[in-house]
Amino acid sequence: MQFTSQGQKPLVKIENIAEYDGQSVRIQGWKCKGRPSGKIQFMELRDGTGTIQAVNLKNLVTPELFDTAKHIGQETSLEIVGTVSKNERAPGGYELTVEDMAVICQTEDFPITPKEHGVDFLMDMRHLWIRSSRQNAILRIRAEIMRSISEWLDNHGFLRLDCPILTPNACEGSTTLFETDYFEGKAYLSQSGQLYNEANAMAFGRVYCFGPTFRAEKSKTRRHLMEFWMVEPEMAFCDQKENMEIQEQMLCHVIGSVLKNRMHELQVLGRDIERLQRIKAPFKRISYDEAVEILRSKGVDFKWGDDLGATDETLLAEDSDTPVFIVNYPCACKAFYMKPDPERPEVCLCSDMLAPEGYGEIIGSSQRIDDYELLAQRIKDNKLPEEAFKWYLELRKYGSVPHSGFGLGIERTVAWICGLDHVRETIPYARMLTRIYP
Ligand code: 4AD
Ligand code: MG
């Protein structure tokens with residue numbers, strides 16, 4: 001099918017359609033819904049930035065075009081020329097009266113229809129499922145979260161310096177490493193950029209890395225992925241108190257940005273927006289000791305010294321309006337690099353930030369050990385390969401300073417902000433215990 005007017009009309013994105021009220025424009029996209037009826041056809045067109053209702057009136061177009069439009073299937077790609085007009089009743093507030101249309105790829109039998117499908121089927125169809133309005137909204141919110149995190153850090157003196165994915169050693173425990181051949185030797189996919197961040201912080205002051213991290217966790221929960229994205233800021237001359245304040249400020253900026261720039265998407269998801277609007281700093285700080293008491297008062301048989309599990313985290317923050325910091329965990333249940341509290345060495349200068357509404361931990365953070373002897377001892381106690389950690393230890397020899405940092409998991413943050421019950425929809429292609437397709 002040929003356009004008569006192609007090239008003469010402005011090519012417009014649906015998100016900007018309001019600027020073209022009354023004008024004839026060109027839109028490239030895909031048909032997502034349609035209902036032909038007699039002399040008038042309604043078709044919903046999406047272009048990745050939004051959707052618009054196209055109206056095809058029999059008396060305005062050629063009989064050939066009218067007939068073609070009647071038979072094109074869901075997800076047919078096309079280009080339409082039409083006049084934009086305001087219509088309060090149309091989804092999005094504008095509609096397009098068709099003048100001309102060119103089919104690019106006719107589609108039949110698109111496997112995902114407006115009827116209900118099971119999650120396994122949809123995950124198998126993930127390459128097509130991401131076209132749906134709900135998935136589109138989630139992934140656009142994800143992008144806004146990532147954008148606004150970088151924006152806040154860039155505006156607050158942090159330098160982005162990315163860390164290697166292929167590494168010779170573990171950061172977060174050797175039991176969850178993905179191992180791969182590295183020529184004559186072995187390498188591991190990075191669990192965290194933190195150790196390199198610490199070196200970078202000593203060179204640049206405030207830094208962050210932002211990238212994929214990998215954990216071979218045999219966990220089949222709604223919070224675990226094998227490949228997830230983490231933003232990890234690291235600050236020289238910074239104690240744990242300031243570290244937590246930075247987290248609060250950054251997160252409030254992110255929530256504000258999503259509310260400002262992605263309100264439509266939150267509405268598509270049916271998110272309780274007031275709950276997000278209530279989030280303000282400062283967030284509550286609860287010591288690990290207090291958390292144990294709270295859990296016991298809620299009937300949990302909890303032993304001091306154990307790490308908090310997913311259900312414990314849910315219980316601790318489900319009634320809270322804002323996220324909650326759990327501070328000063330026992331050193332025995334945390335990572336080797338965390339600095340013990342000088343006044344009470346059995347607990348660490350650390351915190352986990354738990355999201356409200358039962359979403360659990362979204363940030364892990366701590367002040368780092370800055371003393372050479374103590375860190376060397378911790379590496380030994382944890383039976384870590386000393387040769388691989390030699391460079392890391394040297395940071396405590398050459399101008400060591402108090403320093404702190406944190407890691408925020410993007411997918412768990414997206415799940416919480418979008419109000420989803422599983423992380424599998426928060427990343428374009430989830431890598432899970434039993435799934436690496438598509
Ligand atoms: O608490 P974690 O293990 O902390 C670190 O890796 C530190 N080295 C970070 C740092 O201080 N630079 O992980 C940080 C966050 C968690 O709070 C969680 O949000 C997310 O990463 N996370 C996961 N998200 C999805 N799937 C998994 N398997 C995750 N493991 C951790
Ligand atoms: Mg953690």
# chains A, B, ... in the order shown; residues from 1 in each chain; ligands from 1
call {"tool": "residues_near_ligand", "arguments": {"ligand": "ligand 1", "cutoff": "7 Å", "atoms": "only C-alpha atoms and all ligand atoms", "output": "count of residues only"}}
result
33
call {"tool": "residues_around", "arguments": {"residues": "Pro330 of chain A", "least_positions_apart": "2", "cutoff": "9 Å", "atoms": "only C-alpha atoms", "output": "list in words"}}
result
Tyr288, Trp304, Gly305, Asp306, Asp307, Asn328, Ala332, Cys333, Lys334, Pro340, Pro345, Glu346, Val347 and Cys348 of chain A
call {"tool": "write_last_selection", "arguments": {"atoms": "N, CA, C and O atoms", "output": "mmCIF file, in the first residue's frame"}}
result
data_model
loop_
_atom_site.group_PDB
_atom_site.id
_atom_site.type_symbol
_atom_site.label_atom_id
_atom_site.label_comp_id
_atom_site.auth_asym_id
_atom_site.auth_seq_id
_atom_site.Cartn_x
_atom_site.Cartn_y
_atom_site.Cartn_z
ATOM 1 N N TYR A 288 19.156 -3.568 65.333
ATOM 2 C CA TYR A 288 18.936 -5.019 65.197
ATOM 3 C C TYR A 288 18.347 -5.576 66.493
ATOM 4 O O TYR A 288 17.414 -6.385 66.460
ATOM 5 N N TRP A 304 18.965 -14.174 68.640
ATOM 6 C CA TRP A 304 19.906 -13.062 68.435
ATOM 7 C C TRP A 304 21.140 -13.624 67.739
ATOM 8 O O TRP A 304 21.682 -14.650 68.166
ATOM 9 N N GLY A 305 21.575 -12.983 66.661
ATOM 10 C CA GLY A 305 22.750 -13.472 65.931
ATOM 11 C C GLY A 305 22.388 -13.967 64.540
ATOM 12 O O GLY A 305 23.215 -13.980 63.632
ATOM 13 N N ASP A 306 21.133 -14.377 64.362
ATOM 14 C CA ASP A 306 20.709 -14.822 63.027
ATOM 15 C C ASP A 306 20.455 -13.618 62.121
ATOM 16 O O ASP A 306 20.106 -12.539 62.602
ATOM 17 N N ASP A 307 20.615 -13.852 60.810
ATOM 18 C CA ASP A 307 20.279 -12.792 59.854
ATOM 19 C C ASP A 307 18.754 -12.737 59.708
ATOM 20 O O ASP A 307 18.073 -13.725 59.977
ATOM 21 N N ASN A 328 23.096 -1.816 62.794
ATOM 22 C CA ASN A 328 23.951 -2.555 63.736
ATOM 23 C C ASN A 328 23.596 -4.033 63.880
ATOM 24 O O ASN A 328 23.249 -4.508 64.956
ATOM 25 N N ALA A 332 28.734 -11.296 62.877
ATOM 26 C CA ALA A 332 28.791 -12.704 62.456
ATOM 27 C C ALA A 332 27.852 -13.021 61.290
ATOM 28 O O ALA A 332 28.119 -13.948 60.535
ATOM 29 N N CYS A 333 26.780 -12.244 61.127
ATOM 30 C CA CYS A 333 25.864 -12.573 60.021
ATOM 31 C C CYS A 333 26.044 -11.633 58.832
ATOM 32 O O CYS A 333 25.248 -11.646 57.904
ATOM 33 N N LYS A 334 27.100 -10.804 58.862
ATOM 34 C CA LYS A 334 27.295 -9.859 57.753
ATOM 35 C C LYS A 334 28.650 -10.060 57.067
ATOM 36 O O LYS A 334 29.466 -10.873 57.503
ATOM 37 N N PRO A 340 33.385 -3.131 62.600
ATOM 38 C CA PRO A 340 32.722 -3.353 63.889
ATOM 39 C C PRO A 340 32.545 -2.022 64.624
ATOM 40 O O PRO A 340 33.374 -1.116 64.490
ATOM 41 N N PRO A 345 31.976 -4.210 69.727
ATOM 42 C CA PRO A 345 32.534 -4.865 68.535
ATOM 43 C C PRO A 345 31.775 -6.086 68.021
ATOM 44 O O PRO A 345 32.085 -6.556 66.925
ATOM 45 N N GLU A 346 30.797 -6.596 68.767
ATOM 46 C CA GLU A 346 30.061 -7.749 68.217
ATOM 47 C C GLU A 346 29.026 -7.325 67.170
ATOM 48 O O GLU A 346 28.480 -8.158 66.456
ATOM 49 N N VAL A 347 28.754 -5.999 67.084
ATOM 50 C CA VAL A 347 27.857 -5.544 66.008
ATOM 51 C C VAL A 347 28.604 -4.615 65.055
ATOM 52 O O VAL A 347 29.635 -4.042 65.401
ATOM 53 N N CYS A 348 28.067 -4.477 63.836
ATOM 54 C CA CYS A 348 28.743 -3.701 62.789
ATOM 55 C C CYS A 348 28.106 -2.333 62.600
ATOM 56 O O CYS A 348 26.919 -2.150 62.879
#
call {"tool": "residues_around", "arguments": {"residues": "Tyr208 of chain A", "least_positions_apart": "6", "cutoff": "8 Å", "atoms": "only C-alpha atoms", "output": "number ranges by chain"}}
result
A: 153, 158-162, 197, 231-234
call {"tool": "write_last_selection", "arguments": {"atoms": "N, CA, C and O atoms", "output": "compact mmCIF listing (two decimals), in the first residue's frame"}}
result
# COMPACT_ATOMS: atom_id res chain seq x y z
N LEU A 153 23.04 11.39 41.90
CA LEU A 153 24.45 11.17 42.22
C LEU A 153 25.35 12.13 41.44
O LEU A 153 26.28 12.72 42.01
N PHE A 158 29.26 12.84 42.83
CA PHE A 158 29.70 11.45 42.62
C PHE A 158 30.16 11.28 41.17
O PHE A 158 29.52 11.79 40.24
N LEU A 159 31.24 10.54 41.00
CA LEU A 159 31.74 10.24 39.66
C LEU A 159 31.40 8.80 39.32
O LEU A 159 31.68 7.89 40.11
N ARG A 160 30.80 8.59 38.15
CA ARG A 160 30.48 7.21 37.76
C ARG A 160 31.72 6.53 37.18
O ARG A 160 32.29 6.99 36.20
N LEU A 161 32.11 5.45 37.81
CA LEU A 161 33.25 4.67 37.34
C LEU A 161 32.85 3.21 37.42
O LEU A 161 32.66 2.68 38.51
N ASP A 162 32.66 2.56 36.28
CA ASP A 162 32.14 1.20 36.36
C ASP A 162 33.23 0.19 36.68
O ASP A 162 34.40 0.40 36.43
N ASN A 197 35.08 -0.20 43.93
CA ASN A 197 34.59 1.13 44.30
C ASN A 197 35.43 1.73 45.42
O ASN A 197 35.66 2.93 45.46
N VAL A 231 23.06 -0.22 41.94
CA VAL A 231 23.84 1.02 41.94
C VAL A 231 24.57 1.04 43.26
O VAL A 231 23.99 0.79 44.32
N GLU A 232 25.88 1.30 43.19
CA GLU A 232 26.71 1.23 44.39
C GLU A 232 27.56 2.50 44.55
O GLU A 232 28.62 2.61 43.95
N PRO A 233 27.10 3.44 45.38
CA PRO A 233 27.92 4.60 45.70
C PRO A 233 28.93 4.25 46.80
O PRO A 233 28.64 3.42 47.67
N GLU A 234 30.08 4.89 46.76
CA GLU A 234 31.11 4.68 47.79
C GLU A 234 31.75 6.03 48.08
O GLU A 234 32.10 6.76 47.16
call {"tool": "closest_residue", "arguments": {"among": "A:Glu313, A:Glu290, A:Glu44, A:Asp124", "to": "ligand 2", "atoms": "only C-alpha atoms and all ligand atoms"}}
result
A:Glu313
call {"tool": "closest_residue", "arguments": {"among": "A:His264, A:Gly358, A:Lys298, A:Val423", "to": "Ala137 of chain A", "atoms": "only C-alpha atoms"}}
result
A:His264
call {"tool": "residues_around", "arguments": {"residues": "segment 249-252 of chain A", "least_positions_apart": "5", "cutoff": "12 Å", "atoms": "only C-alpha atoms", "output": "ChimeraX atom specification"}}
result
/A:145-156,158,231,233,242-244,257-259,276-283,322-323,353,355,362-363,406,408-410,413-414,417
call {"tool": "write_last_selection", "arguments": {"atoms": "N, CA and C atoms", "output": "short mmCIF file (atom, residue, chain, number, x, y, z; two decimals), in the first residue's frame"}}
result
data_model
loop_
_atom_site.label_atom_id
_atom_site.label_comp_id
_atom_site.auth_asym_id
_atom_site.auth_seq_id
_atom_site.Cartn_x
_atom_site.Cartn_y
_atom_site.Cartn_z
N ILE A 145 13.56 5.38 37.28
CA ILE A 145 14.27 5.16 38.55
C ILE A 145 15.78 5.21 38.30
N MET A 146 16.22 4.52 37.28
CA MET A 146 17.66 4.48 36.99
C MET A 146 18.17 5.87 36.58
N ARG A 147 17.38 6.55 35.77
CA ARG A 147 17.77 7.90 35.34
C ARG A 147 17.90 8.85 36.53
N SER A 148 16.88 8.81 37.42
CA SER A 148 16.88 9.78 38.51
C SER A 148 17.94 9.45 39.57
N ILE A 149 18.30 8.19 39.69
CA ILE A 149 19.41 7.83 40.60
C ILE A 149 20.70 8.47 40.09
N SER A 150 20.98 8.24 38.80
CA SER A 150 22.21 8.81 38.22
C SER A 150 22.18 10.33 38.32
N GLU A 151 21.01 10.90 38.06
CA GLU A 151 20.87 12.37 38.13
C GLU A 151 21.26 12.87 39.52
N TRP A 152 20.71 12.23 40.55
CA TRP A 152 20.99 12.69 41.92
C TRP A 152 22.48 12.54 42.25
N LEU A 153 23.04 11.39 41.90
CA LEU A 153 24.45 11.17 42.22
C LEU A 153 25.35 12.13 41.44
N ASP A 154 25.06 12.30 40.16
CA ASP A 154 25.87 13.21 39.33
C ASP A 154 25.82 14.64 39.88
N ASN A 155 24.65 15.02 40.43
CA ASN A 155 24.50 16.38 40.96
C ASN A 155 25.03 16.54 42.38
N HIS A 156 25.47 15.45 42.98
CA HIS A 156 25.97 15.53 44.36
C HIS A 156 27.42 15.09 44.47
N PHE A 158 29.26 12.84 42.83
CA PHE A 158 29.70 11.45 42.62
C PHE A 158 30.16 11.28 41.17
N VAL A 231 23.06 -0.22 41.94
CA VAL A 231 23.84 1.02 41.94
C VAL A 231 24.57 1.04 43.26
N PRO A 233 27.10 3.44 45.38
CA PRO A 233 27.92 4.60 45.70
C PRO A 233 28.93 4.25 46.80
N GLU A 242 26.33 9.43 57.96
CA GLU A 242 26.18 10.21 56.73
C GLU A 242 25.76 9.31 55.56
N ASN A 243 26.29 8.10 55.55
CA ASN A 243 25.93 7.12 54.52
C ASN A 243 24.41 6.92 54.47
N MET A 244 23.79 6.78 55.64
CA MET A 244 22.33 6.57 55.67
C MET A 244 21.58 7.82 55.22
N SER A 257 10.79 11.95 41.49
CA SER A 257 10.92 11.95 40.02
C SER A 257 9.90 11.03 39.38
N VAL A 258 9.68 9.86 39.98
CA VAL A 258 8.70 8.93 39.42
C VAL A 258 7.30 9.55 39.50
N LEU A 259 7.00 10.19 40.64
CA LEU A 259 5.68 10.82 40.79
C LEU A 259 5.51 11.96 39.78
N LEU A 276 3.05 6.44 48.06
CA LEU A 276 4.35 6.93 47.60
C LEU A 276 4.52 8.40 47.99
N GLN A 277 3.41 9.14 47.92
CA GLN A 277 3.49 10.57 48.26
C GLN A 277 3.82 10.80 49.73
N ARG A 278 3.50 9.83 50.58
CA ARG A 278 3.75 9.99 52.01
C ARG A 278 5.22 9.82 52.39
N ILE A 279 6.03 9.33 51.45
CA ILE A 279 7.43 9.03 51.80
C ILE A 279 8.27 10.29 51.95
N LYS A 280 8.78 10.49 53.15
CA LYS A 280 9.61 11.67 53.43
C LYS A 280 10.74 11.27 54.35
N ALA A 281 11.89 11.93 54.20
CA ALA A 281 13.00 11.72 55.13
C ALA A 281 12.69 12.51 56.41
N PRO A 282 13.20 12.14 57.56
CA PRO A 282 14.06 10.97 57.80
C PRO A 282 13.25 9.67 57.95
N PHE A 283 13.91 8.58 57.55
CA PHE A 283 13.30 7.26 57.73
C PHE A 283 13.61 6.76 59.14
N THR A 322 7.12 4.91 55.62
CA THR A 322 8.37 5.16 54.89
C THR A 322 9.26 3.92 55.02
N PRO A 323 10.33 3.86 54.24
CA PRO A 323 11.27 2.76 54.45
C PRO A 323 11.85 2.82 55.88
N MET A 353 18.22 -1.15 54.36
CA MET A 353 16.99 -0.37 54.24
C MET A 353 15.87 -1.30 53.77
N ALA A 355 12.06 -1.68 52.47
CA ALA A 355 10.97 -0.90 51.85
C ALA A 355 9.68 -1.12 52.62
N ILE A 362 15.93 -3.38 50.30
CA ILE A 362 16.28 -2.84 48.98
C ILE A 362 17.71 -2.30 48.95
N ILE A 363 18.25 -1.94 50.15
CA ILE A 363 19.64 -1.45 50.21
C ILE A 363 20.40 -2.19 51.30
N PHE A 406 27.05 1.93 49.84
CA PHE A 406 25.84 1.10 49.85
C PHE A 406 25.54 0.55 48.47
N LEU A 408 22.09 -0.44 46.15
CA LEU A 408 20.62 -0.48 46.02
C LEU A 408 20.26 -1.41 44.86
N GLY A 409 19.43 -2.39 45.14
CA GLY A 409 18.98 -3.33 44.11
C GLY A 409 17.86 -2.71 43.30
N ILE A 410 18.09 -2.57 41.99
CA ILE A 410 17.11 -1.88 41.13
C ILE A 410 15.79 -2.66 41.05
N THR A 413 13.59 -2.41 44.06
CA THR A 413 13.09 -1.04 44.18
C THR A 413 11.95 -0.81 43.18
N VAL A 414 12.13 -1.33 41.96
CA VAL A 414 11.07 -1.20 40.95
C VAL A 414 9.81 -1.95 41.40
N ILE A 417 8.13 0.23 44.09
CA ILE A 417 7.54 1.49 43.60
C ILE A 417 6.35 1.20 42.68
#
call {"tool": "closest_residue", "arguments": {"among": "A:Asn87, A:Gln247, A:Asn200, A:Ser77", "to": "Gln28 of chain A", "atoms": "only C-alpha atoms"}}
result
A:Ser77
call {"tool": "select_by_dssp", "arguments": {"residues": "segment 134-238 of chain A", "states": "strand (DSSP E or B)", "output": "ChimeraX atom specification"}}
result
/A:159-160,166-167,179-182,185-189,206-214,227-236
call {"tool": "write_last_selection", "arguments": {"atoms": "N, CA and C atoms", "output": "mmCIF file, in the first residue's frame"}}
result
data_model
loop_
_atom_site.group_PDB
_atom_site.id
_atom_site.type_symbol
_atom_site.label_atom_id
_atom_site.label_comp_id
_atom_site.auth_asym_id
_atom_site.auth_seq_id
_atom_site.Cartn_x
_atom_site.Cartn_y
_atom_site.Cartn_z
ATOM 1 N N LEU A 159 31.235 10.541 41.002
ATOM 2 C CA LEU A 159 31.741 10.240 39.664
ATOM 3 C C LEU A 159 31.403 8.796 39.319
ATOM 4 N N ARG A 160 30.795 8.587 38.150
ATOM 5 C CA ARG A 160 30.484 7.208 37.758
ATOM 6 C C ARG A 160 31.717 6.533 37.176
ATOM 7 N N LEU A 166 33.980 -9.420 35.072
ATOM 8 C CA LEU A 166 34.806 -10.618 35.266
ATOM 9 C C LEU A 166 35.812 -10.312 36.363
ATOM 10 N N THR A 167 35.752 -11.081 37.426
ATOM 11 C CA THR A 167 36.600 -10.783 38.587
ATOM 12 C C THR A 167 37.330 -12.035 39.067
ATOM 13 N N GLU A 179 30.932 -19.232 38.124
ATOM 14 C CA GLU A 179 32.327 -19.418 37.725
ATOM 15 C C GLU A 179 32.405 -19.593 36.218
ATOM 16 N N THR A 180 33.468 -19.089 35.642
ATOM 17 C CA THR A 180 33.656 -19.296 34.207
ATOM 18 C C THR A 180 35.147 -19.498 33.918
ATOM 19 N N ASP A 181 35.442 -20.171 32.808
ATOM 20 C CA ASP A 181 36.855 -20.329 32.425
ATOM 21 C C ASP A 181 37.409 -18.989 32.012
ATOM 22 N N TYR A 182 38.672 -18.754 32.373
ATOM 23 C CA TYR A 182 39.331 -17.530 31.932
ATOM 24 C C TYR A 182 40.711 -17.940 31.413
ATOM 25 N N GLY A 185 42.988 -19.998 33.563
ATOM 26 C CA GLY A 185 42.485 -19.984 34.947
ATOM 27 C C GLY A 185 40.976 -19.884 35.038
ATOM 28 N N LYS A 186 40.499 -19.350 36.183
ATOM 29 C CA LYS A 186 39.073 -19.209 36.441
ATOM 30 C C LYS A 186 38.744 -17.733 36.678
ATOM 31 N N ALA A 187 37.533 -17.359 36.358
ATOM 32 C CA ALA A 187 37.038 -16.021 36.713
ATOM 33 C C ALA A 187 35.626 -16.184 37.250
ATOM 34 N N TYR A 188 35.143 -15.148 37.903
ATOM 35 C CA TYR A 188 33.795 -15.179 38.478
ATOM 36 C C TYR A 188 33.036 -13.949 38.022
ATOM 37 N N LEU A 189 31.742 -14.115 37.790
ATOM 38 C CA LEU A 189 30.912 -12.956 37.454
ATOM 39 C C LEU A 189 30.723 -12.138 38.729
ATOM 40 N N ARG A 206 34.179 10.579 45.852
ATOM 41 C CA ARG A 206 32.837 9.986 45.820
ATOM 42 C C ARG A 206 32.590 9.388 44.448
ATOM 43 N N VAL A 207 32.281 8.119 44.432
ATOM 44 C CA VAL A 207 32.120 7.417 43.151
ATOM 45 C C VAL A 207 30.883 6.536 43.204
ATOM 46 N N TYR A 208 30.461 6.077 42.029
ATOM 47 C CA TYR A 208 29.457 5.004 42.016
ATOM 48 C C TYR A 208 29.630 4.159 40.776
ATOM 49 N N CYS A 209 29.231 2.901 40.909
ATOM 50 C CA CYS A 209 29.144 2.041 39.731
ATOM 51 C C CYS A 209 27.686 1.649 39.590
ATOM 52 N N PHE A 210 27.302 1.317 38.382
ATOM 53 C CA PHE A 210 25.895 1.037 38.103
ATOM 54 C C PHE A 210 25.869 -0.024 37.013
ATOM 55 N N GLY A 211 25.546 -1.236 37.389
ATOM 56 C CA GLY A 211 25.589 -2.271 36.367
ATOM 57 C C GLY A 211 24.997 -3.580 36.847
ATOM 58 N N PRO A 212 25.077 -4.587 35.980
ATOM 59 C CA PRO A 212 24.535 -5.884 36.360
ATOM 60 C C PRO A 212 25.451 -6.604 37.342
ATOM 61 N N THR A 213 24.857 -7.331 38.259
ATOM 62 C CA THR A 213 25.619 -8.161 39.193
ATOM 63 C C THR A 213 24.983 -9.546 39.185
ATOM 64 N N PHE A 214 25.742 -10.522 39.640
ATOM 65 C CA PHE A 214 25.335 -11.917 39.443
ATOM 66 C C PHE A 214 25.459 -12.723 40.733
ATOM 67 N N GLU A 227 20.621 -12.533 37.923
ATOM 68 C CA GLU A 227 21.295 -11.367 37.340
ATOM 69 C C GLU A 227 20.427 -10.174 37.709
ATOM 70 N N PHE A 228 20.974 -9.243 38.460
ATOM 71 C CA PHE A 228 20.196 -8.062 38.835
ATOM 72 C C PHE A 228 21.091 -6.835 38.747
ATOM 73 N N TRP A 229 20.454 -5.672 38.715
ATOM 74 C CA TRP A 229 21.215 -4.429 38.571
ATOM 75 C C TRP A 229 21.331 -3.742 39.921
ATOM 76 N N MET A 230 22.513 -3.221 40.159
ATOM 77 C CA MET A 230 22.756 -2.573 41.432
ATOM 78 C C MET A 230 23.469 -1.249 41.186
ATOM 79 N N VAL A 231 23.061 -0.219 41.937
ATOM 80 C CA VAL A 231 23.837 1.020 41.937
ATOM 81 C C VAL A 231 24.570 1.043 43.260
ATOM 82 N N GLU A 232 25.882 1.300 43.189
ATOM 83 C CA GLU A 232 26.714 1.235 44.391
ATOM 84 C C GLU A 232 27.564 2.495 44.553
ATOM 85 N N PRO A 233 27.095 3.437 45.382
ATOM 86 C CA PRO A 233 27.918 4.600 45.702
ATOM 87 C C PRO A 233 28.925 4.249 46.802
ATOM 88 N N GLU A 234 30.076 4.886 46.760
ATOM 89 C CA GLU A 234 31.108 4.675 47.786
ATOM 90 C C GLU A 234 31.752 6.026 48.080
ATOM 91 N N MET A 235 31.873 6.355 49.370
ATOM 92 C CA MET A 235 32.324 7.688 49.758
ATOM 93 C C MET A 235 33.519 7.625 50.703
ATOM 94 N N ALA A 236 34.610 8.325 50.319
ATOM 95 C CA ALA A 236 35.756 8.476 51.234
ATOM 96 C C ALA A 236 35.391 9.538 52.273
#
call {"tool": "residues_around", "arguments": {"residues": "Tyr398 of chain A", "least_positions_apart": "6", "cutoff": "12 Å", "atoms": "only C-alpha atoms", "output": "list of chain:residue names"}}
result
A:Ala199, A:Met202, A:Ala203, A:Asp370, A:Asp371, A:Tyr372, A:Trp391, A:Tyr392
call {"tool": "write_last_selection", "arguments": {"atoms": "N, CA, C and O atoms", "output": "CSV table (one decimal), in the first residue's frame"}}
result
chain,number,residue,atom,x,y,z
A,199,ALA,N,38.6,1.2,46.0
A,199,ALA,CA,39.8,1.7,45.5
A,199,ALA,C,39.5,3.1,44.7
A,199,ALA,O,40.3,4.0,44.8
A,202,MET,N,39.1,6.1,46.9
A,202,MET,CA,40.4,6.7,47.4
A,202,MET,C,41.1,7.5,46.3
A,202,MET,O,42.0,8.3,46.6
A,203,ALA,N,40.7,7.3,45.1
A,203,ALA,CA,41.3,8.1,44.0
A,203,ALA,C,40.4,9.3,43.6
A,203,ALA,O,40.9,10.3,43.2
A,370,ASP,N,38.7,0.1,58.0
A,370,ASP,CA,39.8,0.9,57.4
A,370,ASP,C,41.2,0.5,58.0
A,370,ASP,O,42.2,1.1,57.7
A,371,ASP,N,41.2,-0.4,59.0
A,371,ASP,CA,42.4,-0.8,59.6
A,371,ASP,C,43.0,-2.0,59.0
A,371,ASP,O,42.4,-3.0,58.8
A,372,TYR,N,44.3,-1.9,58.6
A,372,TYR,CA,45.0,-3.0,57.9
A,372,TYR,C,44.9,-4.3,58.6
A,372,TYR,O,44.5,-5.4,58.1
A,391,TRP,N,45.4,-6.7,46.7
A,391,TRP,CA,45.3,-5.3,46.3
A,391,TRP,C,44.3,-4.6,47.2
A,391,TRP,O,44.4,-3.4,47.5
A,392,TYR,N,43.2,-5.3,47.6
A,392,TYR,CA,42.2,-4.7,48.4
A,392,TYR,C,42.7,-4.3,49.8
A,392,TYR,O,42.4,-3.2,50.3
call {"tool": "residues_around", "arguments": {"residues": "Leu128 of chain A", "least_positions_apart": "2", "cutoff": "10 Å", "atoms": "only C-alpha atoms", "output": "list in words"}}
result
Glu75, Phe110, Pro111, Ile112, Leu122, Met123, Asp124, Met125, Arg126, Ile130, Arg131 and Ser132 of chain A
call {"tool": "write_last_selection", "arguments": {"atoms": "C-alpha atoms", "output": "tab-separated table (two decimals), in the first residue's frame"}}
result
chain	number	residue	atom	x	y	z
A	75	GLU	CA	0.46	-6.16	16.39
A	110	PHE	CA	-0.33	-12.75	17.77
A	111	PRO	CA	0.02	-15.19	20.68
A	112	ILE	CA	-0.81	-12.75	23.48
A	122	LEU	CA	3.83	-14.96	29.43
A	123	MET	CA	7.42	-15.42	30.60
A	124	ASP	CA	8.04	-17.74	27.59
A	125	MET	CA	6.61	-14.92	25.46
A	126	ARG	CA	8.57	-12.22	27.27
A	130	ILE	CA	6.96	-6.38	26.93
A	131	ARG	CA	4.70	-4.73	24.31
A	132	SER	CA	1.71	-4.80	26.67
call {"tool": "residues_around", "arguments": {"residues": "Val292 of chain A", "least_positions_apart": "6", "cutoff": "9 Å", "atoms": "only C-alpha atoms", "output": "PyMOL selection string"}}
result
chain A and resi 300+302-304
call {"tool": "write_last_selection", "arguments": {"atoms": "N, CA and C atoms", "output": "PDB file, in the first residue's frame"}}
result
ATOM      1  N   VAL A 300       7.453 -14.428  66.526  1.00  0.00           N
ATOM      2  CA  VAL A 300       8.508 -15.146  65.794  1.00  0.00           C
ATOM      3  C   VAL A 300       9.546 -15.648  66.802  1.00  0.00           C
ATOM      4  N   PHE A 302      12.845 -15.922  67.309  1.00  0.00           N
ATOM      5  CA  PHE A 302      14.040 -15.415  66.648  1.00  0.00           C
ATOM      6  C   PHE A 302      15.239 -15.436  67.579  1.00  0.00           C
ATOM      7  N   LYS A 303      16.358 -15.983  67.090  1.00  0.00           N
ATOM      8  CA  LYS A 303      17.574 -16.076  67.895  1.00  0.00           C
ATOM      9  C   LYS A 303      18.498 -14.892  67.579  1.00  0.00           C
ATOM     10  N   TRP A 304      18.965 -14.174  68.640  1.00  0.00           N
ATOM     11  CA  TRP A 304      19.906 -13.062  68.435  1.00  0.00           C
ATOM     12  C   TRP A 304      21.140 -13.624  67.739  1.00  0.00           C
TER      13      TRP A 304
END
call {"tool": "closest_residue", "arguments": {"among": "A:Thr426, A:Gln53, A:Thr113, A:Thr62", "to": "Gln74 of chain A", "atoms": "only C-alpha atoms"}}
result
A:Thr113
call {"tool": "atom_distance", "arguments": {"atom1": "atom CA of Arg262 of chain A", "atom2": "atom CA of Leu139 of chain A"}}
result
10.8 Å
call {"tool": "closest_residue", "arguments": {"among": "A:Arg35, A:Gly360, A:Asn56, A:Ala216", "to": "ligand 2", "atoms": "only C-alpha atoms and all ligand atoms"}}
result
A:Gly360
call {"tool": "closest_residue", "arguments": {"among": "A:Val324, A:Glu248, A:Ile273, A:Gln41", "to": "Ile286 of chain A", "atoms": "only C-alpha atoms"}}
result
A:Val324
call {"tool": "atom_distance", "arguments": {"atom1": "atom CA of Glu373 of chain A", "atom2": "atom CA of Tyr196 of chain A"}}
result
19.8 Å
